[in-house]
$ cat upload-v5.cif   # mmCIF, C-alpha atoms
data_protein
loop_
_atom_site.group_PDB
_atom_site.id
_atom_site.type_symbol
_atom_site.label_atom_id
_atom_site.label_comp_id
_atom_site.auth_asym_id
_atom_site.auth_seq_id
_atom_site.Cartn_x
_atom_site.Cartn_y
_atom_site.Cartn_z
ATOM 1 C CA MET X 1274 -3.934 2.591 -7.154
ATOM 2 C CA ASN X 1275 -6.195 1.008 -9.711
ATOM 3 C CA LYS X 1276 -4.788 -1.482 -12.163
ATOM 4 C CA ALA X 1277 -6.191 -4.117 -14.362
ATOM 5 C CA THR X 1278 -8.372 -4.906 -17.332
ATOM 6 C CA ASP X 1279 -9.011 -2.867 -20.409
ATOM 7 C CA LYS X 1280 -12.567 -1.560 -20.629
ATOM 8 C CA ASN X 1281 -12.253 -1.684 -24.415
ATOM 9 C CA GLY X 1282 -11.769 -5.439 -24.513
ATOM 10 C CA GLY X 1283 -8.554 -6.387 -22.787
ATOM 11 C CA GLY X 1284 -5.502 -7.197 -24.838
ATOM 12 C CA LEU X 1285 -1.937 -6.058 -24.379
ATOM 13 C CA ARG X 1286 -2.743 -3.257 -21.930
ATOM 14 C CA TYR X 1287 -4.471 -5.706 -19.593
ATOM 15 C CA TYR X 1288 -1.446 -8.017 -19.484
ATOM 16 C CA LEU X 1289 1.026 -5.153 -19.208
ATOM 17 C CA ILE X 1290 -0.598 -3.543 -16.164
ATOM 18 C CA ASN X 1291 -1.411 -6.792 -14.402
ATOM 19 C CA GLY X 1292 2.034 -8.149 -15.225
ATOM 20 C CA ILE X 1293 3.718 -5.249 -13.462
ATOM 21 C CA THR X 1294 1.446 -5.659 -10.451
ATOM 22 C CA LEU X 1295 2.052 -9.416 -10.384
ATOM 23 C CA TYR X 1296 5.784 -8.754 -10.494
ATOM 24 C CA ARG X 1297 5.454 -6.631 -7.352
ATOM 25 C CA LEU X 1298 3.552 -9.406 -5.613
ATOM 26 C CA ILE X 1299 6.245 -11.972 -6.429
ATOM 27 C CA ALA X 1300 8.988 -9.491 -5.524
ATOM 28 C CA SER X 1301 7.490 -9.099 -2.048
ATOM 29 C CA LEU X 1302 8.000 -12.826 -1.447
ATOM 30 C CA VAL X 1303 11.589 -12.555 -2.677
ATOM 31 C CA LEU X 1304 12.089 -9.634 -0.278
ATOM 32 C CA ILE X 1305 11.006 -11.837 2.624
ATOM 33 C CA LEU X 1306 13.504 -14.497 1.503
ATOM 34 C CA LEU X 1307 16.284 -11.891 1.334
ATOM 35 C CA ILE X 1308 15.534 -10.883 4.915
ATOM 36 C CA PHE X 1309 16.025 -14.451 6.129
ATOM 37 C CA LEU X 1310 19.238 -14.658 4.117
ATOM 38 C CA GLY X 1311 20.461 -11.401 5.655
ATOM 39 C CA GLN X 1312 20.966 -9.775 2.243
ATOM 40 C CA SER X 1313 20.265 -6.177 3.252
ATOM 41 C CA ASP X 1314 21.973 -4.600 0.215
ATOM 42 C CA ILE X 1315 19.994 -6.618 -2.331
ATOM 43 C CA PHE X 1316 16.870 -6.127 -0.220
ATOM 44 C CA LYS X 1317 17.009 -2.331 -0.321
ATOM 45 C CA TRP X 1318 17.475 -2.204 -4.092
ATOM 46 C CA LEU X 1319 14.645 -4.637 -4.769
ATOM 47 C CA LEU X 1320 12.408 -2.774 -2.317
ATOM 48 C CA ALA X 1321 13.102 0.514 -4.100
ATOM 49 C CA GLN X 1322 12.280 -1.156 -7.408
ATOM 50 C CA SER X 1323 9.015 -2.516 -5.999
ATOM 51 C CA PHE X 1324 7.880 0.921 -4.870
ATOM 52 C CA PHE X 1325 8.901 2.328 -8.246
ATOM 53 C CA THR X 1326 6.830 -0.258 -10.145
ATOM 54 C CA ASP X 1327 3.879 0.588 -7.894
ATOM 55 C CA ALA X 1328 4.067 4.170 -9.129
ATOM 56 C CA VAL X 1329 4.606 3.027 -12.727
ATOM 57 C CA ASP X 1330 1.612 0.699 -12.970
ATOM 58 C CA GLY X 1331 -0.578 3.266 -11.261
ATOM 59 C CA TYR X 1332 0.458 5.888 -13.797
ATOM 60 C CA LEU X 1333 0.008 3.500 -16.726
ATOM 61 C CA ALA X 1334 -3.401 2.365 -15.491
ATOM 62 C CA ARG X 1335 -4.615 5.957 -15.399
ATOM 63 C CA ARG X 1336 -2.943 6.901 -18.696
ATOM 64 C CA LEU X 1337 -4.217 3.847 -20.569
ATOM 65 C CA LYS X 1338 -7.643 3.899 -18.855
ATOM 66 C CA VAL X 1339 -7.258 0.294 -17.738
ATOM 67 C CA THR X 1340 -9.494 -0.771 -14.828
ATOM 68 C CA SER X 1341 -11.135 -3.890 -13.358
ATOM 69 C CA LEU X 1342 -12.161 -5.479 -10.076
ATOM 70 C CA PHE X 1343 -9.522 -8.181 -10.511
ATOM 71 C CA GLY X 1344 -6.828 -5.550 -10.977
ATOM 72 C CA ALA X 1345 -7.992 -3.674 -7.895
ATOM 73 C CA ARG X 1346 -7.822 -6.837 -5.795
ATOM 74 C CA LEU X 1347 -4.449 -7.881 -7.190
ATOM 75 C CA ASP X 1348 -3.069 -4.407 -6.546
ATOM 76 C CA SER X 1349 -4.303 -4.397 -2.949
ATOM 77 C CA VAL X 1350 -2.637 -7.730 -2.236
ATOM 78 C CA ALA X 1351 0.615 -6.615 -3.875
ATOM 79 C CA ASP X 1352 0.576 -3.312 -1.978
ATOM 80 C CA ASP X 1353 -0.026 -4.957 1.393
ATOM 81 C CA LEU X 1354 2.611 -7.650 0.827
ATOM 82 C CA THR X 1355 5.156 -5.024 -0.203
ATOM 83 C CA ILE X 1356 4.478 -3.025 2.965
ATOM 84 C CA VAL X 1357 4.654 -6.198 5.075
ATOM 85 C CA ALA X 1358 8.013 -7.051 3.469
ATOM 86 C CA ALA X 1359 9.257 -3.505 4.043
ATOM 87 C CA MET X 1360 8.183 -3.599 7.688
ATOM 88 C CA ALA X 1361 9.813 -7.007 8.155
ATOM 89 C CA GLY X 1362 12.996 -5.557 6.711
ATOM 90 C CA VAL X 1363 12.841 -2.644 9.131
ATOM 91 C CA VAL X 1364 12.397 -5.039 12.065
ATOM 92 C CA PHE X 1365 15.327 -7.234 11.023
ATOM 93 C CA PHE X 1366 17.735 -4.620 9.696
ATOM 94 C CA LYS X 1367 16.741 -1.493 11.667
ATOM 95 C CA MET X 1368 15.807 -2.870 15.074
ATOM 96 C CA VAL X 1369 17.202 0.134 16.970
ATOM 97 C CA PHE X 1370 14.837 2.425 15.095
ATOM 98 C CA VAL X 1371 11.894 0.055 15.717
ATOM 99 C CA ARG X 1372 12.551 0.012 19.460
ATOM 100 C CA GLU X 1373 12.849 3.773 19.452
ATOM 101 C CA GLN X 1374 9.492 4.221 17.709
ATOM 102 C CA LYS X 1375 7.709 1.092 18.970
ATOM 103 C CA ALA X 1376 4.586 2.913 20.198
ATOM 104 C CA ILE X 1377 3.873 4.246 16.698
ATOM 105 C CA PHE X 1378 4.589 0.895 15.065
ATOM 106 C CA ILE X 1379 2.262 -0.893 17.496
ATOM 107 C CA LEU X 1380 -0.524 1.628 16.866
ATOM 108 C CA LEU X 1381 -0.226 1.226 13.089
ATOM 109 C CA LEU X 1382 -0.107 -2.564 13.387
ATOM 110 C CA VAL X 1383 -3.268 -2.604 15.508
ATOM 111 C CA LEU X 1384 -5.108 -0.367 13.024
ATOM 112 C CA PHE X 1385 -3.905 -2.520 10.118
ATOM 113 C CA LEU X 1386 -5.097 -5.724 11.806
ATOM 114 C CA VAL X 1387 -8.461 -4.230 12.761
ATOM 115 C CA GLN X 1388 -8.983 -2.974 9.198
ATOM 116 C CA ASN X 1389 -8.209 -6.365 7.672
ATOM 117 C CA VAL X 1390 -10.191 -8.387 10.216
ATOM 118 C CA LEU X 1391 -13.223 -6.167 9.608
ATOM 119 C CA ALA X 1392 -12.830 -6.444 5.828
ATOM 120 C CA PHE X 1393 -12.628 -10.237 5.883
ATOM 121 C CA SER X 1394 -15.503 -10.585 8.356
ATOM 122 C CA ARG X 1395 -17.730 -8.217 6.336
ATOM 123 C CA TYR X 1396 -16.715 -9.013 2.746
ATOM 124 C CA GLY X 1397 -14.789 -12.268 2.983
ATOM 125 C CA LYS X 1398 -11.784 -10.609 1.341
ATOM 126 C CA MET X 1399 -9.470 -7.617 1.554
ATOM 127 C CA SER X 1400 -10.835 -4.156 0.919
ATOM 128 C CA SER X 1401 -9.701 -2.408 -2.254
ATOM 129 C CA PHE X 1402 -10.920 1.128 -1.698
ATOM 130 C CA HIS X 1403 -7.831 2.850 -3.137
ATOM 131 C CA THR X 1404 -8.817 6.129 -1.515
ATOM 132 C CA TYR X 1405 -6.941 9.350 -2.139
ATOM 133 C CA LEU X 1406 -5.637 9.158 1.415
ATOM 134 C CA ALA X 1407 -4.385 5.612 0.807
ATOM 135 C CA LYS X 1408 -2.538 6.729 -2.322
ATOM 136 C CA LEU X 1409 -0.894 9.631 -0.498
ATOM 137 C CA SER X 1410 0.055 7.358 2.399
ATOM 138 C CA ALA X 1411 1.584 4.840 -0.004
ATOM 139 C CA VAL X 1412 3.789 7.524 -1.551
ATOM 140 C CA LEU X 1413 4.962 8.742 1.851
ATOM 141 C CA GLN X 1414 5.602 5.189 3.042
ATOM 142 C CA GLY X 1415 7.563 4.323 -0.076
ATOM 143 C CA VAL X 1416 9.779 7.400 0.114
ATOM 144 C CA PHE X 1417 10.410 6.879 3.823
ATOM 145 C CA PHE X 1418 11.287 3.187 3.527
ATOM 146 C CA ILE X 1419 13.650 3.796 0.627
ATOM 147 C CA LEU X 1420 15.452 6.618 2.433
ATOM 148 C CA LEU X 1421 15.582 4.583 5.647
ATOM 149 C CA PHE X 1422 17.583 1.848 3.940
ATOM 150 C CA PHE X 1423 19.759 4.110 1.812
ATOM 151 C CA LEU X 1424 20.635 6.837 4.329
ATOM 152 C CA GLN X 1425 22.692 6.568 7.485
ATOM 153 C CA GLN X 1426 20.015 8.126 9.690
ATOM 154 C CA PRO X 1427 16.190 7.958 9.505
ATOM 155 C CA VAL X 1428 14.371 11.041 8.235
ATOM 156 C CA TYR X 1429 12.263 11.520 11.359
ATOM 157 C CA TRP X 1430 9.945 14.242 10.101
ATOM 158 C CA LEU X 1431 9.090 12.067 7.093
ATOM 159 C CA PHE X 1432 8.481 9.069 9.338
ATOM 160 C CA TYR X 1433 6.064 11.001 11.555
ATOM 161 C CA THR X 1434 4.295 12.445 8.520
ATOM 162 C CA ALA X 1435 3.957 9.020 6.889
ATOM 163 C CA ALA X 1436 2.759 7.493 10.173
ATOM 164 C CA LEU X 1437 0.145 10.227 10.645
ATOM 165 C CA PHE X 1438 -1.292 9.839 7.152
ATOM 166 C CA THR X 1439 -1.157 6.036 7.374
ATOM 167 C CA ALA X 1440 -3.085 6.064 10.648
ATOM 168 C CA ALA X 1441 -5.656 8.441 9.137
ATOM 169 C CA ASP X 1442 -5.954 6.199 6.064
ATOM 170 C CA LEU X 1443 -6.491 3.051 8.122
ATOM 171 C CA ALA X 1444 -9.050 4.799 10.332
ATOM 172 C CA GLU X 1445 -10.910 6.043 7.240
ATOM 173 C CA GLU X 1446 -10.932 2.566 5.726
ATOM 174 C CA ILE X 1447 -12.291 1.087 8.970
ATOM 175 C CA ILE X 1448 -15.163 3.590 8.821
ATOM 176 C CA LEU X 1449 -15.759 2.838 5.144
ATOM 177 C CA ILE X 1450 -15.995 -0.888 5.881
ATOM 178 C CA LEU X 1451 -18.580 -0.199 8.575
ATOM 179 C CA LEU X 1452 -20.587 2.040 6.231
ATOM 180 C CA LEU X 1453 -20.454 -0.110 3.087
ATOM 181 C CA PRO X 1454 -22.380 -3.400 3.440
ATOM 182 C CA GLN X 1455 -21.151 -4.639 0.042
ATOM 183 C CA TRP X 1456 -17.545 -4.861 -1.188
ATOM 184 C CA LYS X 1457 -16.681 -1.964 -3.439
ATOM 185 C CA ALA X 1458 -13.465 -1.022 -5.216
ATOM 186 C CA ASN X 1459 -12.006 2.414 -5.857
ATOM 187 C CA VAL X 1460 -13.825 4.552 -3.301
ATOM 188 C CA LYS X 1461 -12.351 8.044 -3.312
ATOM 189 C CA GLY X 1462 -12.805 8.515 0.419
ATOM 190 C CA LEU X 1463 -15.258 9.047 3.256
ATOM 191 C CA TYR X 1464 -16.054 12.611 2.205
ATOM 192 C CA TRP X 1465 -17.083 11.539 -1.308
ATOM 193 C CA LEU X 1466 -19.090 8.576 -0.010
ATOM 194 C CA LEU X 1467 -21.116 10.774 2.344
ATOM 195 C CA LYS X 1468 -21.478 13.457 -0.337
ATOM 196 C CA ASN X 1469 -22.871 10.938 -2.819
ATOM 197 C CA ARG X 1470 -25.300 9.628 -0.231
ATOM 198 C CA ARG X 1471 -26.607 13.123 0.479
ATOM 199 C CA THR X 1472 -27.139 13.850 -3.213
ATOM 200 C CA ALA X 1473 -28.610 10.421 -4.047
#
$ encode --input "upload-v5.cif" --output "structure tokens"
Amino acid sequence: MNKATDKNGGGLRYYLINGITLYRLIASLVLILLIFLGQSDIFKWLLAQSFFTDAVDGYLARRLKVTSLFGARLDSVADDLTIVAAMAGVVFFKMVFVREQKAIFILLLVLFLVQNVLAFSRYGKMSSFHTYLAKLSAVLQGVFFILLFFLQQPVYWLFYTAALFTAADLAEEIILILLLPQWKANVKGLYWLLKNRRTA
């Protein structure tokens, strides 16, 4: 999701959107600390709040027409750290589930590492494509993680759906990195990139 600076000159909207995103970044570090402290109850509530603020700043950014490269980068870092914190929480608090689904987790981890290694080797920084597929995957991930910590049993169909879309998103981003020689933010997706190239 795209957050950041006001095209009309900055001001309050810039600080509001970036402030929410920065909160999520800091909250991800607190989530990691809560894992080490074994505070699973506080962890799940803060995690739910982090996913909620992700939806809020995305909505506000679109509603207020607030965009910038800095915001895109900040959002990508906050998103990835939140997912890393969520995954760490799953490993520490839901180890039985992780062992049960380890093949899927390993596949997603490999794709995530490949995507980030390629981005840093090609651009020297994380990608910030914010594709439609990435946004859909983020919603599915957020809903699954929240339900995983609040319900007694995992919602398996939601997990498989989220995993499928996440794998597709990571694969698409790997292809985008290979196709785009220069870093670019807010790419709708592979289809739109190829379509624009054909019409250019």
$ resolve_selection --input "upload-v5.cif" --expression "the PyMOL selection byres ((chain X and resi 1426-1429) around 12)" --output "list in words"
Val1363, Lys1367, Val1369, Phe1370, Val1371, Glu1373, Gln1374, Leu1413, Gln1414, Val1416, Phe1417, Phe1418, Ile1419, Leu1420, Leu1421, Phe1422, Phe1423, Leu1424, Gln1425, Trp1430, Leu1431, Phe1432, Tyr1433, Thr1434, Ala1435 and Ala1436 of chain X
$ closest_residue --input "upload-v5.cif" --among "X:Phe1365, X:Tyr1287, X:Tyr1396, X:Val1350" --to "Ile1299 in chain X" --atoms "only C-alpha atoms"
X:Val1350
$ closest_residue --input "upload-v5.cif" --among "X:Ala1328, X:Leu1409, X:Leu1437, X:Leu1467" --to "Leu1449 in chain X" --atoms "all atoms listed in the file"
X:Leu1467
$ closest_residue --input "upload-v5.cif" --among "X:Ala1441, X:Ile1305, X:Leu1452, X:Ala1458" --to "Leu1342 in chain X" --atoms "only C-alpha atoms"
X:Ala1458
$ atom_distance --input "upload-v5.cif" --atom1 "CA of Leu1453 in chain X" --atom2 "CA of His1403 in chain X"
14.4 Å
$ closest_residue --input "upload-v5.cif" --among "X:Ala1359, X:Val1412, X:Met1368, X:Ala1444" --to "Ile1308 in chain X" --atoms "all atoms listed in the file"
X:Ala1359
$ atom_distance --input "upload-v5.cif" --atom1 "CA of Tyr1296 in chain X" --atom2 "CA of Tyr1332 in chain X"
15.9 Å
$ atom_distance --input "upload-v5.cif" --atom1 "CA of Ile1293 in chain X" --atom2 "CA of Asp1352 in chain X"
12.1 Å
$ closest_residue --input "upload-v5.cif" --among "X:Ala1361, X:Ile1290, X:Leu1354, X:Met1399" --to "Gly1311 in chain X" --atoms "only C-alpha atoms"
X:Ala1361
$ closest_residue --input "upload-v5.cif" --among "X:Ala1321, X:Leu1406, X:Ala1411, X:Val1460" --to "Ala1345 in chain X" --atoms "only C-alpha atoms"
X:Val1460
$ resolve_selection --input "upload-v5.cif" --expression "the PyMOL selection byres ((chain X and resi 1387) around 12)" --output "PyMOL selection string"
chain X and resi 1380-1386+1388-1395+1399+1440+1443-1448+1450-1451
$ resolve_selection --input "upload-v5.cif" --expression "the PyMOL selection byres ((chain X and resi 1327) around 9)" --output "NGL selection string"
:X and (1274 or 1293-1294 or 1297 or 1322-1326 or 1328-1332 or 1348 or 1351-1352)
